[in-house]
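Coordinates from input21.txt are shown below (compact mmCIF, C-alpha atoms).
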```txt
# COMPACT_ATOMS: atom_id res chain seq x y z
CA MET A 1 -17.16 35.43 15.81
CA LYS A 2 -14.63 35.42 13.00
CA LYS A 3 -14.94 32.33 10.78
CA GLY A 4 -12.15 29.79 10.96
CA LEU A 5 -9.90 28.88 8.05
CA LEU A 6 -10.46 25.86 5.86
CA ILE A 7 -6.99 24.30 5.57
CA VAL A 8 -6.35 21.56 3.06
CA VAL A 9 -3.21 19.50 3.67
CA SER A 10 -1.68 17.01 1.26
CA ALA A 11 1.57 15.12 1.31
CA PRO A 12 3.01 12.02 -0.28
CA SER A 13 3.15 9.00 2.00
CA GLY A 14 6.28 9.08 4.18
CA CYS A 15 6.57 12.88 4.42
CA GLY A 16 5.68 12.98 8.10
CA LYS A 17 2.31 14.63 7.59
CA GLY A 18 0.73 12.52 10.34
CA THR A 19 3.39 13.47 12.89
CA ILE A 20 3.14 17.15 12.02
CA LEU A 21 -0.67 17.19 12.21
CA LYS A 22 -0.69 15.29 15.52
CA GLN A 23 1.38 18.10 17.01
CA ILE A 24 -0.67 20.85 15.35
CA LEU A 25 -3.97 19.36 16.51
CA LYS A 26 -2.97 19.66 20.17
CA ASP A 27 -4.05 23.27 19.79
CA GLN A 28 -7.79 23.52 20.41
CA LYS A 29 -8.17 26.17 17.71
CA TYR A 30 -8.11 23.38 15.12
CA TYR A 31 -10.74 20.84 14.16
CA TYR A 32 -9.68 17.78 12.22
CA SER A 33 -12.17 16.70 9.60
CA VAL A 34 -12.41 12.91 9.78
CA SER A 35 -13.07 11.37 6.37
CA VAL A 36 -15.90 8.97 5.68
CA THR A 37 -15.10 5.74 3.82
CA THR A 38 -16.88 2.62 2.70
CA ARG A 39 -13.75 0.45 2.89
CA GLN A 40 -13.17 -1.99 5.74
CA PRO A 41 -11.22 -0.78 8.79
CA ARG A 42 -7.57 -1.87 8.76
CA HIS A 43 -5.82 -3.22 11.82
CA GLY A 44 -5.67 -0.55 14.52
CA GLU A 45 -8.03 1.88 12.80
CA ILE A 46 -10.69 3.31 15.07
CA ASP A 47 -14.10 4.39 13.77
CA GLY A 48 -14.51 8.15 14.23
CA VAL A 49 -10.78 8.71 14.73
CA HIS A 50 -9.06 7.52 11.56
CA TYR A 51 -12.22 7.36 9.47
CA HIS A 52 -15.94 7.21 9.82
CA PHE A 53 -16.67 3.76 8.40
CA MET A 54 -19.94 3.56 6.51
CA GLN A 55 -21.99 1.19 4.32
CA GLU A 56 -22.02 1.98 0.62
CA ALA A 57 -25.81 2.45 0.47
CA LYS A 58 -25.67 5.04 3.22
CA PHE A 59 -22.75 6.82 1.54
CA GLU A 60 -24.65 7.01 -1.75
CA GLU A 61 -27.72 8.34 0.04
CA LEU A 62 -25.54 11.14 1.48
CA ILE A 63 -24.15 11.85 -2.00
CA SER A 64 -27.71 12.28 -3.28
CA GLN A 65 -28.36 14.71 -0.43
CA ASN A 66 -25.26 16.79 -1.33
CA ALA A 67 -23.89 16.09 2.11
CA PHE A 68 -20.23 15.97 0.99
CA LEU A 69 -17.82 18.82 0.39
CA GLU A 70 -15.89 16.38 -1.80
CA TYR A 71 -15.89 12.66 -2.39
CA ALA A 72 -14.21 10.23 -4.72
CA LYS A 73 -14.06 6.52 -5.43
CA TYR A 74 -10.70 4.73 -5.25
CA CYS A 75 -10.25 0.99 -5.74
CA ASP A 76 -14.04 0.46 -5.49
CA HIS A 77 -14.36 2.33 -2.19
CA TYR A 78 -15.80 5.75 -1.51
CA TYR A 79 -13.96 8.40 0.47
CA GLY A 80 -15.50 11.74 1.33
CA SER A 81 -15.64 14.76 3.65
CA LEU A 82 -19.00 15.61 5.19
CA LEU A 83 -19.94 19.25 4.82
CA ALA A 84 -22.00 19.78 8.00
CA PRO A 85 -19.29 19.32 10.67
CA ILE A 86 -16.89 21.40 8.56
CA GLU A 87 -19.33 24.31 8.31
CA THR A 88 -20.29 24.10 11.98
CA ASN A 89 -16.68 24.26 13.12
CA LEU A 90 -15.73 27.04 10.70
CA ALA A 91 -18.70 29.07 11.94
CA ALA A 92 -17.53 28.46 15.51
CA GLY A 93 -14.19 30.05 14.57
CA LYS A 94 -12.19 26.81 14.42
CA HIS A 95 -9.64 26.17 11.71
CA VAL A 96 -10.76 23.02 9.95
CA ILE A 97 -8.00 20.73 8.71
CA LEU A 98 -8.81 18.53 5.76
CA GLU A 99 -6.14 15.90 5.14
CA ILE A 100 -6.71 14.81 1.61
CA GLU A 101 -4.88 13.54 -1.47
CA VAL A 102 -4.03 15.84 -4.35
CA LYS A 103 -7.01 15.18 -6.61
CA GLY A 104 -9.54 15.76 -3.85
CA ALA A 105 -7.61 18.91 -2.94
CA MET A 106 -7.90 20.19 -6.52
CA GLN A 107 -11.69 19.61 -6.38
CA ILE A 108 -11.88 21.74 -3.23
CA ARG A 109 -9.71 24.42 -4.79
CA LYS A 110 -12.43 24.99 -7.37
CA LEU A 111 -15.32 24.77 -4.91
CA ARG A 112 -13.75 26.76 -2.09
CA PRO A 113 -11.23 29.26 -3.43
CA GLU A 114 -10.97 30.83 0.04
CA ALA A 115 -9.49 27.61 1.46
CA LYS A 116 -5.74 27.53 2.20
CA PHE A 117 -3.73 24.76 0.59
CA ILE A 118 -0.60 23.42 2.24
CA PHE A 119 1.61 20.80 0.65
CA ILE A 120 4.16 18.92 2.74
CA ALA A 121 7.13 17.66 0.73
CA PRO A 122 10.17 15.55 1.53
CA PRO A 123 13.60 17.22 1.23
CA SER A 124 14.19 14.95 -1.80
CA ILE A 125 12.89 11.78 -3.39
CA ASP A 126 16.01 9.93 -2.23
CA ILE A 127 15.40 10.94 1.37
CA LEU A 128 11.76 9.89 1.03
CA ARG A 129 12.85 6.47 -0.24
CA LYS A 130 15.29 6.08 2.66
CA ARG A 131 12.59 7.04 5.17
CA LEU A 132 10.18 4.48 3.73
CA GLU A 133 12.91 1.83 3.79
CA GLY A 134 13.79 2.83 7.36
CA ARG A 135 10.25 2.04 8.52
CA GLY A 136 10.92 -1.58 7.64
CA THR A 137 7.21 -2.24 7.24
CA GLU A 138 6.98 -2.43 3.45
CA ASP A 139 8.66 -4.60 0.86
CA ALA A 140 10.82 -3.17 -1.93
CA GLU A 141 8.03 -3.30 -4.49
CA THR A 142 5.59 -1.40 -2.26
CA ILE A 143 8.25 1.20 -1.52
CA GLU A 144 8.94 1.72 -5.23
CA LYS A 145 5.22 2.10 -5.84
CA ARG A 146 4.96 4.72 -3.09
CA VAL A 147 8.01 6.57 -4.39
CA ARG A 148 6.53 6.71 -7.89
CA GLN A 149 3.23 7.91 -6.46
CA ALA A 150 5.07 10.55 -4.43
CA GLU A 151 6.73 11.83 -7.61
CA GLU A 152 3.33 12.16 -9.24
CA GLU A 153 1.93 14.00 -6.23
CA LEU A 154 4.93 16.33 -5.99
CA ALA A 155 4.06 17.59 -9.46
CA TYR A 156 0.98 19.20 -7.88
CA GLN A 157 2.80 21.17 -5.19
CA ASN A 158 2.71 24.44 -7.12
CA GLN A 159 -1.07 24.23 -7.17
CA TYR A 160 -0.96 24.70 -3.39
CA ASP A 161 -0.61 28.05 -1.64
CA TYR A 162 2.27 26.90 0.54
CA CYS A 163 4.88 24.18 0.48
CA ILE A 164 6.60 23.02 3.66
CA ILE A 165 9.73 20.91 3.24
CA ASN A 166 9.77 18.45 6.12
CA ASP A 167 13.50 18.26 6.71
CA ILE A 168 13.62 18.95 10.46
CA LEU A 169 10.31 18.04 12.09
CA GLU A 170 10.26 20.94 14.59
CA HIS A 171 10.82 23.42 11.79
CA ALA A 172 8.05 21.89 9.70
CA ILE A 173 5.64 22.15 12.65
CA SER A 174 6.58 25.76 13.31
CA ASP A 175 6.31 26.57 9.59
CA PHE A 176 2.78 25.18 9.65
CA GLN A 177 1.91 27.31 12.68
CA MET A 178 3.41 30.43 11.07
CA ILE A 179 1.40 29.94 7.89
CA VAL A 180 -1.80 29.70 9.90
CA ARG A 181 -0.92 32.74 12.02
CA ALA A 182 -0.11 34.76 8.89
CA GLU A 183 -3.45 33.74 7.40
CA GLU A 184 -5.18 34.85 10.60
CA LEU A 185 -3.61 38.28 10.07
CA ARG A 186 -4.82 38.55 6.49
CA THR A 187 -7.22 41.29 5.60
CA GLN A 188 -9.95 40.85 3.02
CA SER A 189 -7.81 42.55 0.37
CA GLU A 190 -7.28 39.50 -1.80
CA ASN A 191 -11.00 39.38 -2.52
CA LEU A 192 -11.13 42.99 -3.73
CA MET B 1 19.31 32.47 -5.63
CA LYS B 2 15.64 32.95 -4.79
CA LYS B 3 14.56 36.61 -5.03
CA GLY B 4 13.71 38.37 -1.79
CA LEU B 5 10.27 39.74 -0.96
CA LEU B 6 9.33 43.36 -1.40
CA ILE B 7 7.55 44.23 1.85
CA VAL B 8 5.64 47.49 2.15
CA VAL B 9 4.86 48.59 5.71
CA SER B 10 2.53 51.40 6.71
CA ALA B 11 1.21 52.53 10.04
CA PRO B 12 -0.28 55.66 11.52
CA SER B 13 2.09 57.65 13.69
CA GLY B 14 2.23 56.27 17.24
CA CYS B 15 1.56 52.62 16.33
CA GLY B 16 5.06 51.47 17.24
CA LYS B 17 6.10 50.76 13.66
CA GLY B 18 9.61 52.09 14.29
CA THR B 19 10.14 49.87 17.33
CA ILE B 20 8.85 46.80 15.50
CA LEU B 21 11.02 47.42 12.44
CA LYS B 22 14.12 48.09 14.56
CA GLN B 23 13.75 44.60 16.01
CA ILE B 24 12.93 42.99 12.65
CA LEU B 25 15.93 44.61 10.94
CA LYS B 26 18.37 42.95 13.34
CA ASP B 27 17.94 39.93 11.07
CA GLN B 28 20.38 40.20 8.17
CA LYS B 29 17.85 38.72 5.77
CA TYR B 30 16.21 42.15 5.58
CA TYR B 31 17.28 45.32 3.80
CA TYR B 32 15.69 48.59 4.82
CA SER B 33 15.03 50.93 1.91
CA VAL B 34 16.02 54.41 3.07
CA SER B 35 13.81 57.09 1.49
CA VAL B 36 15.18 60.08 -0.36
CA THR B 37 13.83 63.52 0.52
CA THR B 38 14.41 67.14 -0.39
CA ARG B 39 13.32 68.47 2.99
CA GLN B 40 15.83 69.65 5.56
CA PRO B 41 17.08 67.16 8.16
CA ARG B 42 15.35 67.49 11.52
CA HIS B 43 17.21 67.39 14.79
CA GLY B 44 18.88 64.01 15.25
CA GLU B 45 18.23 62.77 11.72
CA ILE B 46 21.25 61.19 10.06
CA ASP B 47 21.78 61.28 6.29
CA GLY B 48 21.68 57.74 4.91
CA VAL B 49 20.02 56.35 8.04
CA HIS B 50 16.70 58.16 8.43
CA TYR B 51 16.67 59.61 4.93
CA HIS B 52 18.95 60.35 2.05
CA PHE B 53 18.81 64.14 1.97
CA MET B 54 19.02 65.59 -1.52
CA GLN B 55 18.74 68.88 -3.41
CA GLU B 56 15.54 69.39 -5.38
CA ALA B 57 17.34 69.72 -8.73
CA LYS B 58 19.07 66.38 -8.23
CA PHE B 59 15.78 64.75 -7.17
CA GLU B 60 14.04 66.02 -10.30
CA GLU B 61 16.89 64.78 -12.45
CA LEU B 62 16.41 61.31 -10.94
CA ILE B 63 12.67 61.54 -11.61
CA SER B 64 13.42 62.24 -15.28
CA GLN B 65 15.67 59.17 -15.33
CA ASN B 66 12.87 56.96 -13.87
CA ALA B 67 15.13 56.21 -10.95
CA PHE B 68 12.29 55.99 -8.41
CA LEU B 69 10.00 53.09 -7.63
CA GLU B 70 7.61 55.69 -6.21
CA TYR B 71 7.82 59.33 -5.24
CA ALA B 72 5.46 62.02 -4.05
CA LYS B 73 5.47 65.66 -3.02
CA TYR B 74 4.18 66.62 0.43
CA CYS B 75 4.25 70.16 1.83
CA ASP B 76 6.53 71.28 -1.01
CA HIS B 77 9.09 68.52 -0.42
CA TYR B 78 9.78 65.42 -2.46
CA TYR B 79 9.95 61.95 -0.92
CA GLY B 80 10.85 58.87 -2.91
CA SER B 81 12.29 55.34 -2.99
CA LEU B 82 15.17 54.69 -5.36
CA LEU B 83 14.68 51.63 -7.52
CA ALA B 84 18.32 50.48 -7.95
CA PRO B 85 19.19 49.50 -4.34
CA ILE B 86 15.78 47.82 -4.02
CA GLU B 87 16.32 45.69 -7.12
CA THR B 88 19.91 44.84 -6.17
CA ASN B 89 18.92 43.62 -2.73
CA LEU B 90 15.89 41.68 -3.95
CA ALA B 91 18.10 39.95 -6.52
CA ALA B 92 20.57 39.10 -3.73
CA GLY B 93 17.73 37.30 -1.93
CA LYS B 94 17.14 39.96 0.73
CA HIS B 95 13.67 40.97 1.82
CA VAL B 96 13.40 44.70 1.14
CA ILE B 97 11.34 46.69 3.62
CA LEU B 98 9.73 49.86 2.36
CA GLU B 99 8.29 52.00 5.15
CA ILE B 100 5.87 54.27 3.44
CA GLU B 101 2.60 56.14 3.97
CA VAL B 102 -0.66 54.80 2.61
CA LYS B 103 -0.83 56.72 -0.65
CA GLY B 104 2.68 55.74 -1.70
CA ALA B 105 1.82 52.17 -0.74
CA MET B 106 -1.22 52.21 -3.01
CA GLN B 107 1.00 53.42 -5.89
CA ILE B 108 3.32 50.45 -5.32
CA ARG B 109 0.36 48.09 -5.13
CA LYS B 110 -0.43 48.92 -8.74
CA LEU B 111 3.18 48.86 -9.94
CA ARG B 112 4.31 45.80 -8.02
CA PRO B 113 1.39 43.46 -7.39
CA GLU B 114 3.83 40.80 -6.12
CA ALA B 115 4.83 43.02 -3.17
CA LYS B 116 3.48 42.14 0.28
CA PHE B 117 1.61 44.85 2.13
CA ILE B 118 1.56 44.95 5.91
CA PHE B 119 -0.42 47.48 7.90
CA ILE B 120 0.30 48.04 11.58
CA ALA B 121 -2.69 49.29 13.52
CA PRO B 122 -3.24 50.43 17.09
CA PRO B 123 -5.62 48.33 19.26
CA SER B 124 -8.00 51.31 19.12
CA ILE B 125 -8.04 55.03 18.38
CA ASP B 126 -8.41 55.76 22.10
CA ILE B 127 -5.28 53.76 22.89
CA LEU B 128 -3.42 55.52 20.08
CA ARG B 129 -4.42 58.90 21.52
CA LYS B 130 -3.24 57.83 25.00
CA ARG B 131 0.10 56.64 23.56
CA LEU B 132 0.65 59.95 21.77
CA GLU B 133 -0.27 61.86 24.97
CA GLY B 134 2.06 59.60 26.96
CA ARG B 135 5.02 60.64 24.83
CA GLY B 136 4.61 64.15 26.21
CA THR B 137 6.36 65.60 23.15
CA GLU B 138 3.38 67.06 21.31
CA ASP B 139 0.73 69.61 22.24
CA ALA B 140 -2.99 68.77 22.28
CA GLU B 141 -3.60 70.26 18.85
CA THR B 142 -0.81 68.22 17.19
CA ILE B 143 -2.08 65.08 18.89
CA GLU B 144 -5.62 65.68 17.60
CA LYS B 145 -4.21 66.23 14.12
CA ARG B 146 -2.28 62.97 14.29
CA VAL B 147 -5.32 61.09 15.61
CA ARG B 148 -7.46 62.39 12.76
CA GLN B 149 -4.75 61.44 10.27
CA ALA B 150 -4.54 57.98 11.85
CA GLU B 151 -8.29 57.54 11.37
CA GLU B 152 -7.90 58.42 7.69
CA GLU B 153 -5.02 55.98 7.29
CA LEU B 154 -6.85 53.18 9.12
CA ALA B 155 -9.49 53.34 6.40
CA TYR B 156 -6.86 51.91 4.05
CA GLN B 157 -5.96 48.86 6.11
CA ASN B 158 -8.13 46.50 4.09
CA GLN B 159 -6.13 47.42 0.99
CA TYR B 160 -3.15 45.73 2.64
CA ASP B 161 -2.52 41.97 2.62
CA TYR B 162 -2.02 41.75 6.37
CA CYS B 163 -2.93 43.80 9.39
CA ILE B 164 -1.00 43.48 12.64
CA ILE B 165 -2.61 44.98 15.74
CA ASN B 166 0.21 46.28 17.90
CA ASP B 167 -1.23 45.58 21.32
CA ILE B 168 1.67 43.68 22.88
CA LEU B 169 4.96 44.60 21.18
CA GLU B 170 6.51 41.11 21.31
CA HIS B 171 3.42 39.62 19.69
CA ALA B 172 3.45 42.25 16.96
CA ILE B 173 7.12 41.49 16.21
CA SER B 174 6.48 37.77 16.08
CA ASP B 175 3.39 38.30 13.91
CA PHE B 176 5.58 40.22 11.47
CA GLN B 177 8.15 37.41 11.42
CA MET B 178 5.44 34.78 10.90
CA ILE B 179 3.96 36.68 7.96
CA VAL B 180 7.36 36.83 6.30
CA ARG B 181 8.07 33.15 6.98
CA ALA B 182 4.68 32.18 5.56
CA GLU B 183 5.40 34.25 2.46
CA GLU B 184 8.76 32.48 2.11
CA LEU B 185 6.84 29.19 2.03
CA ARG B 186 4.46 30.37 -0.67
CA THR B 187 4.47 28.58 -3.97
CA GLN B 188 3.83 30.35 -7.26
CA SER B 189 0.20 29.24 -7.23
CA GLU B 190 -1.30 32.70 -6.77
CA ASN B 191 0.11 33.73 -10.11
CA LEU B 192 -1.51 30.86 -11.98
```
For this file, write the structure as structure tokens.
Amino acid sequence: MKKGLLIVVSAPSGCGKGTILKQILKDQKYYYSVSVTTRQPRHGEIDGVHYHFMQEAKFEELISQNAFLEYAKYCDHYYGSLLAPIETNLAAGKHVILEIEVKGAMQIRKLRPEAKFIFIAPPSIDILRKRLEGRGTEDAETIEKRVRQAEEELAYQNQYDYCIINDILEHAISDFQMIVRAEELRTQSENL
Amino acid sequence: MKKGLLIVVSAPSGCGKGTILKQILKDQKYYYSVSVTTRQPRHGEIDGVHYHFMQEAKFEELISQNAFLEYAKYCDHYYGSLLAPIETNLAAGKHVILEIEVKGAMQIRKLRPEAKFIFIAPPSIDILRKRLEGRGTEDAETIEKRVRQAEEELAYQNQYDYCIINDILEHAISDFQMIVRAEELRTQSENL
């Protein structure tokens, strides 16, 4: 059995990453790595689907056991990706998708140089701002904060192997699929 | 204008490379680099389409002017790829396809590490032999010679970036297109 690909996906908030991945994950050849967090579930979040919610003591015990591929602490809460389900699914030939923010992605780049890094970007910052405004769920200040954060994250896109501009959703989905297919067709040459 | 990709394609005889490329080249985003040779045209070969046919003295003059990206001598005849049309088309944003045998490809790999190398392989040597027999144009001895040569060439496939198994033609064509699309989406990260 050929090992699956470890695929790391990052995107600023509002780039449509969730919509793209939902479509991609309909294909059984993928396994979505659900992150573990010690923060409280938000409204509508389901344990085991959006996150695995966990007590801090348990999380720290897993850290001491080297159970995480990567983890980080943001705003006093831990977030991490457990190694065991990732390895099991890769060994079973599944492509494991790790949806993660840029700094976690850069950690994995060092640890797992064979992983494939895909960045999803908006066509422009202006379009991103309009999309966030169009949602109508956030106030002006929150939107500005997200836009500024997006600009910071966009600075990392050249650290990724691929960048998909999510202009037309169907194209972005097919671009994602084409990247994965191309990677399936790769030989071992890059490691020579 | 973003530069086009330099795409080097090799395949043993009988792998359907010609049929795949014919389909690929219908897309105007590609430019096919026609090789120059000093051998005589064979029946049905058109100057400027299959090869640029050239006198040996002229070919050697071009060698002395460093006009070739690569060239080689086989069975007393020169074969080469002229640099100027390749550079012009790359600069114009076209993807330049260089159809070349494995040793020429390995030369280009050293000279142009940014080029993308695609190998087209048969599903198996047995299937390749059956395809060559099915053509009905070659005698048993020629077929055996081609099969042995194919085996030698297949040994190089891991020196290429990608390997497409031409089992079902439509899949092979779409695999080729997906590789090129994925490469279009690449960032500069690999050069970091």
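Near chain B, the residues of chain A that fall inside 7 Å (using only C-alpha atoms) are Asn158, Gln159, Tyr160, Asp161, Tyr162, Cys163, Ile164, Met178, Ile179, Arg181, Ala182, Leu185, Arg186, Thr187, Gln188, Ser189 and Glu190 of chain A.
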Close residues, Phe59 in chain B itself excluded, 8 Å, all atoms listed in the file, min 4 positions apart in chain, as a PDB file with C-alpha atoms, keeping the file's coordinate frame:
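Just written: result.pdb:
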```
ATOM      1  CA  THR B  38      14.410  67.140  -0.390  1.00  0.00           C
ATOM      2  CA  MET B  54      19.020  65.590  -1.520  1.00  0.00           C
ATOM      3  CA  GLN B  55      18.740  68.880  -3.410  1.00  0.00           C
ATOM      4  CA  ILE B  63      12.670  61.540 -11.610  1.00  0.00           C
ATOM      5  CA  TYR B  78       9.780  65.420  -2.460  1.00  0.00           C
TER       6      TYR B  78
END
```
(request) Can you work out which one of B:His77, B:Lys17, B:Lys130, B:Lys26 has the shortest atom-to-atom distance to Ala172 in chain B, counting all atoms listed in the file? (result) B:Lys17
(message) Could you tell me how far CA of Ser33 in chain A sits from CA of Ile46 in chain A, in Å to one decimal place?
(response) 14.5 Å
(request) Counting all atoms listed in the file, figure out which residue out of A:Ser124, A:Ile20, A:Leu111, A:Thr137 gets nearest to His171 in chain A. (result)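 With all atoms listed in the file as the atom set, the closest residue is A:Ile20.
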(message) Report, in Å to a single decimal, how far apart CA of Ile100 in chain A and CA of Arg135 in chain A are.
(response) 22.3 Å
(message) For a quick check of understanding, using all atoms listed in the file, which of A:Gln107, A:Gln149, A:Thr142, A:Asn89 has the smallest distance to Ile125 in chain A?
(response) A:Gln149
(request) For Tyr51 in chain A, list every protein, DNA or RNA residue within 9 Å, evaluated using all atoms listed in the file, and leave out those in the same chain fewer than 5 positions away; present the list as an MDAnalysis selection string. (result) chainID A and resid 34:37 41 45:46
First collect every listed atom of range 166-184 of chain B; then fit an axis-aligned box around them, widen it by 5 Å on each side, and give centre and edge lengths in Å to one decimal, as AutoDock Vina command-line options.
```
--center_x 3.8 --center_y 39.2 --center_z 12.5 --size_x 20.0 --size_y 24.1 --size_z 30.8
```
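In this model, the gap between CA of Gly16 in chain A and CA of Glu99 in chain A comes to 12.5 Å.
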(message) List the spatial neighbours of Pro122 in chain A as a PyMOL selection string - criterion: any atom at most 10 Å away, only C-alpha atoms, same-chain residues fewer than 2 positions off excluded.
(response) chain A and resi 11-17+120+124-129+131+150+154+164-167
(request) Using all atoms listed in the file, determine which residues lie at most 12 Å from Arg112 in chain B, disregarding the query and same-chain residues fewer than 2 positions distant; provide the list as a list in words. (result) Leu5, Leu6, Ile7, Val8, Leu69, Glu70, Leu83, Gly104, Ala105, Met106, Gln107, Ile108, Arg109, Lys110, Glu114, Ala115, Lys116 and Phe117 of chain B
Can you write just those residues out, C-alpha atoms, as a compact mmCIF listing (two decimals), in the frame of the given file?
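So again11.txt came out as:
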```txt
# COMPACT_ATOMS: atom_id res chain seq x y z
CA LEU B 5 10.27 39.74 -0.96
CA LEU B 6 9.33 43.36 -1.40
CA ILE B 7 7.55 44.23 1.85
CA VAL B 8 5.64 47.49 2.15
CA LEU B 69 10.00 53.09 -7.63
CA GLU B 70 7.61 55.69 -6.21
CA LEU B 83 14.68 51.63 -7.52
CA GLY B 104 2.68 55.74 -1.70
CA ALA B 105 1.82 52.17 -0.74
CA MET B 106 -1.22 52.21 -3.01
CA GLN B 107 1.00 53.42 -5.89
CA ILE B 108 3.32 50.45 -5.32
CA ARG B 109 0.36 48.09 -5.13
CA LYS B 110 -0.43 48.92 -8.74
CA GLU B 114 3.83 40.80 -6.12
CA ALA B 115 4.83 43.02 -3.17
CA LYS B 116 3.48 42.14 0.28
CA PHE B 117 1.61 44.85 2.13
```
(request) Using only C-alpha atoms, determine which residues lie at most 12 Å from Asp76 in chain B, disregarding the query and same-chain residues fewer than 3 positions distant; provide the list as a ChimeraX atom specification. (result) /B:37-40,56,72-73,79
